[in-house]
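File shown: final18.cif. Contents: mmCIF, C-alpha atoms.
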data_start
#
loop_
_atom_site.group_PDB
_atom_site.id
_atom_site.type_symbol
_atom_site.label_atom_id
_atom_site.label_comp_id
_atom_site.auth_asym_id
_atom_site.auth_seq_id
_atom_site.Cartn_x
_atom_site.Cartn_y
_atom_site.Cartn_z
ATOM 1 C CA MET A 1 -7.876 -183.086 -48.686
ATOM 2 C CA GLN A 2 -9.185 -186.378 -47.283
ATOM 3 C CA GLY A 3 -8.743 -187.949 -50.721
ATOM 4 C CA GLU A 4 -5.097 -186.879 -50.795
ATOM 5 C CA ILE A 5 -4.506 -188.485 -47.408
ATOM 6 C CA TRP A 6 -5.979 -191.789 -48.579
ATOM 7 C CA LEU A 7 -4.063 -191.609 -51.845
ATOM 8 C CA GLU A 8 -0.787 -191.106 -50.007
ATOM 9 C CA ARG A 9 -1.590 -193.907 -47.567
ATOM 10 C CA ALA A 10 -2.380 -196.286 -50.404
ATOM 11 C CA ALA A 11 0.871 -195.336 -52.159
ATOM 12 C CA GLU A 12 2.866 -195.833 -48.969
ATOM 13 C CA HIS A 13 1.371 -199.307 -48.663
ATOM 14 C CA GLY A 14 2.444 -200.385 -52.140
ATOM 15 C CA ASN A 15 -0.666 -199.706 -54.229
ATOM 16 C CA LEU A 16 0.842 -199.144 -57.677
ATOM 17 C CA ASP A 17 -2.152 -197.213 -59.029
ATOM 18 C CA ALA A 18 -1.865 -194.853 -56.059
ATOM 19 C CA GLU A 19 1.907 -194.504 -56.514
ATOM 20 C CA PHE A 20 1.416 -193.607 -60.162
ATOM 21 C CA THR A 21 -1.428 -191.172 -59.445
ATOM 22 C CA LEU A 22 0.441 -189.511 -56.598
ATOM 23 C CA GLY A 23 3.502 -189.147 -58.841
ATOM 24 C CA THR A 24 1.389 -187.556 -61.547
ATOM 25 C CA ARG A 25 -0.214 -185.110 -59.122
ATOM 26 C CA LEU A 26 3.170 -184.193 -57.675
ATOM 27 C CA MET A 27 4.641 -183.617 -61.141
ATOM 28 C CA LYS A 28 1.729 -181.409 -62.229
ATOM 29 C CA GLY A 29 1.026 -179.785 -58.859
ATOM 30 C CA THR A 30 -2.580 -180.985 -58.924
ATOM 31 C CA GLY A 31 -4.023 -180.642 -55.422
ATOM 32 C CA VAL A 32 -0.502 -180.699 -53.946
ATOM 33 C CA THR A 33 2.620 -178.573 -54.117
ATOM 34 C CA ARG A 34 4.502 -179.383 -57.332
ATOM 35 C CA ASN A 35 7.494 -181.562 -56.492
ATOM 36 C CA PRO A 36 9.202 -183.279 -59.465
ATOM 37 C CA THR A 37 11.729 -185.036 -57.212
ATOM 38 C CA GLU A 38 8.986 -186.731 -55.195
ATOM 39 C CA ALA A 39 7.010 -187.468 -58.375
ATOM 40 C CA VAL A 40 9.973 -189.289 -59.866
ATOM 41 C CA LYS A 41 10.438 -191.226 -56.613
ATOM 42 C CA TRP A 42 6.859 -192.540 -56.738
ATOM 43 C CA TRP A 43 6.992 -193.281 -60.483
ATOM 44 C CA ARG A 44 10.305 -195.091 -60.086
ATOM 45 C CA HIS A 45 8.910 -197.309 -57.341
ATOM 46 C CA ALA A 46 5.869 -198.227 -59.432
ATOM 47 C CA ALA A 47 7.985 -198.650 -62.588
ATOM 48 C CA GLU A 48 10.434 -200.973 -60.863
ATOM 49 C CA HIS A 49 7.455 -203.112 -59.887
ATOM 50 C CA GLY A 50 6.311 -203.375 -63.511
ATOM 51 C CA TYR A 51 3.672 -200.621 -63.721
ATOM 52 C CA ALA A 52 3.786 -199.692 -67.408
ATOM 53 C CA LYS A 53 2.257 -196.181 -67.204
ATOM 54 C CA ALA A 54 4.802 -195.264 -64.537
ATOM 55 C CA GLN A 55 7.568 -196.669 -66.743
ATOM 56 C CA ASN A 56 6.504 -194.309 -69.526
ATOM 57 C CA ASP A 57 6.228 -191.237 -67.329
ATOM 58 C CA LEU A 58 9.489 -192.033 -65.548
ATOM 59 C CA GLY A 59 11.209 -192.382 -68.931
ATOM 60 C CA TYR A 60 9.872 -188.992 -69.968
ATOM 61 C CA ALA A 61 11.002 -187.379 -66.690
ATOM 62 C CA ILE A 62 14.474 -188.869 -67.096
ATOM 63 C CA GLU A 63 14.670 -187.747 -70.731
ATOM 64 C CA LYS A 64 13.707 -184.176 -69.782
ATOM 65 C CA GLY A 65 15.897 -183.989 -66.680
ATOM 66 C CA ASP A 66 13.076 -183.875 -64.130
ATOM 67 C CA ALA A 67 14.778 -186.789 -62.366
ATOM 68 C CA GLY A 68 17.832 -184.637 -61.634
ATOM 69 C CA LYS A 69 19.833 -185.621 -64.677
ATOM 70 C CA THR A 70 19.151 -186.517 -68.265
ATOM 71 C CA ASP A 71 19.967 -190.122 -69.161
ATOM 72 C CA LEU A 72 18.796 -191.012 -72.647
ATOM 73 C CA VAL A 73 19.726 -194.692 -72.327
ATOM 74 C CA GLU A 74 17.737 -195.117 -69.129
ATOM 75 C CA ALA A 75 14.817 -193.149 -70.588
ATOM 76 C CA CYS A 76 14.852 -195.407 -73.644
ATOM 77 C CA MET A 77 14.870 -198.516 -71.445
ATOM 78 C CA TRP A 78 11.756 -197.331 -69.592
ATOM 79 C CA PHE A 79 9.998 -196.441 -72.868
ATOM 80 C CA LEU A 80 10.799 -199.903 -74.262
ATOM 81 C CA LEU A 81 9.303 -201.519 -71.165
ATOM 82 C CA ALA A 82 6.227 -199.276 -71.336
ATOM 83 C CA VAL A 83 5.746 -200.173 -75.012
ATOM 84 C CA LYS A 84 5.867 -203.832 -73.989
ATOM 85 C CA GLY A 85 3.181 -202.966 -71.409
ATOM 86 C CA ASP A 86 0.935 -201.537 -74.179
ATOM 87 C CA VAL A 87 1.225 -197.853 -73.261
ATOM 88 C CA ALA A 88 0.455 -196.112 -76.555
ATOM 89 C CA GLN A 89 2.188 -192.828 -75.627
ATOM 90 C CA ALA A 90 5.398 -194.765 -74.991
ATOM 91 C CA GLN A 91 5.619 -195.600 -78.708
ATOM 92 C CA THR A 92 5.563 -191.910 -79.576
ATOM 93 C CA ASN A 93 8.051 -191.069 -76.827
ATOM 94 C CA LEU A 94 10.362 -193.854 -77.994
ATOM 95 C CA ALA A 95 10.184 -192.715 -81.622
ATOM 96 C CA ASP A 96 10.958 -189.127 -80.613
ATOM 97 C CA LEU A 97 13.892 -190.191 -78.441
ATOM 98 C CA SER A 98 15.374 -192.703 -80.888
ATOM 99 C CA SER A 99 16.649 -190.010 -83.226
ATOM 100 C CA ASP A 100 18.822 -188.673 -80.384
ATOM 101 C CA LEU A 101 20.445 -192.044 -79.616
ATOM 102 C CA THR A 102 23.410 -193.760 -81.203
ATOM 103 C CA VAL A 103 23.015 -197.376 -82.283
ATOM 104 C CA GLU A 104 25.151 -198.392 -79.308
ATOM 105 C CA GLN A 105 22.983 -196.454 -76.858
ATOM 106 C CA TYR A 106 19.808 -198.014 -78.267
ATOM 107 C CA HIS A 107 21.367 -201.477 -78.041
ATOM 108 C CA GLU A 108 22.346 -200.855 -74.408
ATOM 109 C CA ALA A 109 18.807 -199.675 -73.568
ATOM 110 C CA SER A 110 17.337 -202.732 -75.290
ATOM 111 C CA GLN A 111 19.631 -205.026 -73.329
ATOM 112 C CA ARG A 112 18.679 -203.339 -70.054
ATOM 113 C CA ALA A 113 14.991 -203.736 -70.929
ATOM 114 C CA GLN A 114 15.512 -207.434 -71.719
ATOM 115 C CA ASP A 115 17.317 -207.928 -68.405
ATOM 116 C CA PHE A 116 14.617 -206.114 -66.411
ATOM 117 C CA HIS A 117 12.637 -208.182 -63.923
ATOM 118 C CA PRO A 118 9.921 -206.442 -61.901
ATOM 119 C CA GLN A 119 10.435 -206.462 -58.161
ATOM 120 C CA PRO A 120 7.825 -208.194 -55.996
ATOM 121 C CA VAL A 121 5.062 -205.869 -54.864
ATOM 122 C CA PRO A 122 4.658 -205.638 -51.079
ATOM 123 C CA MET A 123 0.996 -205.722 -50.202
ATOM 124 C CA LEU A 124 -0.628 -205.283 -46.819
ATOM 125 C CA ASN A 125 -2.524 -208.263 -45.545
ATOM 126 C CA PRO A 126 -6.022 -206.767 -45.172
ATOM 127 C CA ILE A 127 -6.812 -208.927 -42.158
ATOM 128 C CA LYS A 128 -3.633 -208.514 -40.119
ATOM 129 C CA GLY A 129 -2.900 -204.929 -41.200
ATOM 130 C CA ASP A 130 0.869 -204.668 -40.859
ATOM 131 C CA ASN A 131 2.052 -208.045 -42.131
ATOM 132 C CA TYR A 132 3.382 -208.007 -45.647
ATOM 133 C CA THR A 133 2.807 -210.582 -48.317
ATOM 134 C CA PHE A 134 4.408 -210.408 -51.725
ATOM 135 C CA ALA A 135 3.012 -210.668 -55.190
ATOM 136 C CA THR A 136 4.561 -210.304 -58.584
ATOM 137 C CA ILE A 137 2.886 -208.639 -61.506
ATOM 138 C CA PRO A 138 2.800 -210.987 -64.474
ATOM 139 C CA THR A 139 4.734 -209.736 -67.447
ATOM 140 C CA SER A 140 4.332 -210.815 -71.025
ATOM 141 C CA LYS A 141 7.326 -212.441 -72.622
#
Turn the structure described in the file into C-alpha cells.
Amino acid sequence: MQGEIWLERAAEHGNLDAEFTLGTRLMKGTGVTRNPTEAVKWWRHAAEHGYAKAQNDLGYAIEKGDAGKTDLVEACMWFLLAVKGDVAQAQTNLADLSSDLTVEQYHEASQRAQDFHPQPVPMLNPIKGDNYTFATIPTSK
C-alpha cells in the first residue's frame, strides 16, 4: 500500500518510469483496481514525453480499443516511435498491425511519427519542492 502511494506521487510529479509502471498496474489490475482509462492516461503522458515503452503500450491499447476507440493510424504512429526507441515488442506489434493498414494509412502514421517532438518533462526541484524545472529527453535522429 505504501509503495502504491509513492508510485502515484512519483507519477504525479512527472517521473516517467512511475507513470509507465502505474499505467501498467492500472491496465492489469495489479495491486490496484483495474482501470484501462486511467492506464491509458498515464501511458499517454509518458509517451508524449518520449518514453518508448509507454509509446508501445499506448499503441497497443489504442489498437485494441482500450483507449475508448480504435485508431489504427495512431496506434501505428506510437509503434513506429517505440521501434525508434528500441522497444523490441514494438517491432512485433507493428508487423502485426501493418497487415491491417492501407498504404495511405501507413504513410500518414509515418508522417505523424516524423513530426513528433517529445514534450518537455516537468521535474520537481528536489531542493525547493514545488518549483518546476524542465528537461527534454534526448531522442535519436
Open item on the list: Under the rule that only C-alpha atoms are counted, which of A:Ala54, A:Leu101, A:Cys76, A:Leu94 is the nearest residue to A:Ala113?
Closed with: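 Ranked by minimum distance to A:Ala113, first place goes to A:Cys76.
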Open item on the list: So the first atom is atom CA of A:Asp66 and the second is atom CA of A:Val40; what is the distance between them in Å, to one decimal place?
Closed with: 7.6 Å
- [ ] Given the file shown, enumerate the residues that the PyMOL selection byres ((chain A and resi 114) around 12) captures and present them as a list in words.
- [x]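 Selected by the PyMOL selection byres ((chain A and resi 114) around 12) here: Met77, Trp78, Leu80, Leu81, Lys84, His107, Glu108, Ala109, Ser110, Gln111, Arg112, Ala113, Asp115, Phe116, His117, Pro118, Thr139, Ser140 and Lys141 of chain A.
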Open item on the list: Please expand the PyMOL selection byres ((chain A and resi 3) around 12) into the concrete residues it hits in this file, giving the result as a ChimeraX atom specification.
Closed with: /A:1-2,4-10,18,21-22,31-32
Open item on the list: Nearest residue to A:Asp96 out of A:Ala39, A:Ala75, A:Arg34, A:Thr70, using only C-alpha atoms?
Closed with: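 Selected residue with least distance to A:Asp96: A:Ala75.
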Open item on the list: So that I can check the surroundings of A:Pro36, please list as a list in words every protein, DNA and RNA residue that reaches within 10 Å of it, counting all atoms listed in the file and ignoring chain neighbours fewer than 2 positions away.
Closed with: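 Neighbouring residues, sequence-local ones excluded: Gly23, Thr24, Arg25, Leu26, Met27, Lys28, Gly29, Thr33, Arg34, Glu38, Ala39, Val40, Lys41, Trp42, Ala61, Gly65, Asp66, Ala67 and Gly68 of chain A.
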Task: Between atom CA of A:Gly59 and atom CA of A:Glu12 - distance in Å to one decimal - done: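 We find that atom CA of A:Glu12 and atom CA of A:Gly59 lie 21.9 Å from each other.
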- [ ] With all atoms listed in the file counted, which protein, DNA or RNA residues have an atom no more than 12 Å from (6.2, -201.2, -60.2) in the file frame? Please answer as JSON, numbers by chain.
- [x] {"A": [11, 14, 15, 16, 17, 18, 19, 20, 41, 42, 43, 44, 45, 46, 47, 48, 49, 50, 51, 52, 53, 54, 55, 56, 58, 78, 81, 82, 85, 116, 117, 118, 119, 120, 121, 122, 135, 136, 137, 138, 139]}
Task: Coordinates-based distance that separates atom CA of A:Val73 from atom CA of A:Thr30 (Å, one decimal) - done: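 That distance, rounded to one decimal, is 29.4 Å.
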Adding 8 Å on each side of the box along x, y and z that holds all listed atoms of stretch 102-118 of chain A, could you give its centre and edge lengths in Å to one decimal, as lines of an AutoDock Vina configuration file?
center_x = 17.5
center_y = -201.0
center_z = -72.1
size_x = 31.2
size_y = 30.4
size_z = 36.4
Open item on the list: So, with all atoms listed in the file as the atoms that count, which of A:Asn35, A:Lys64, A:Asp57, A:Ser99 lies closest to A:Phe79?
Closed with: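 With all atoms listed in the file as the atom set, the closest residue is A:Asp57.
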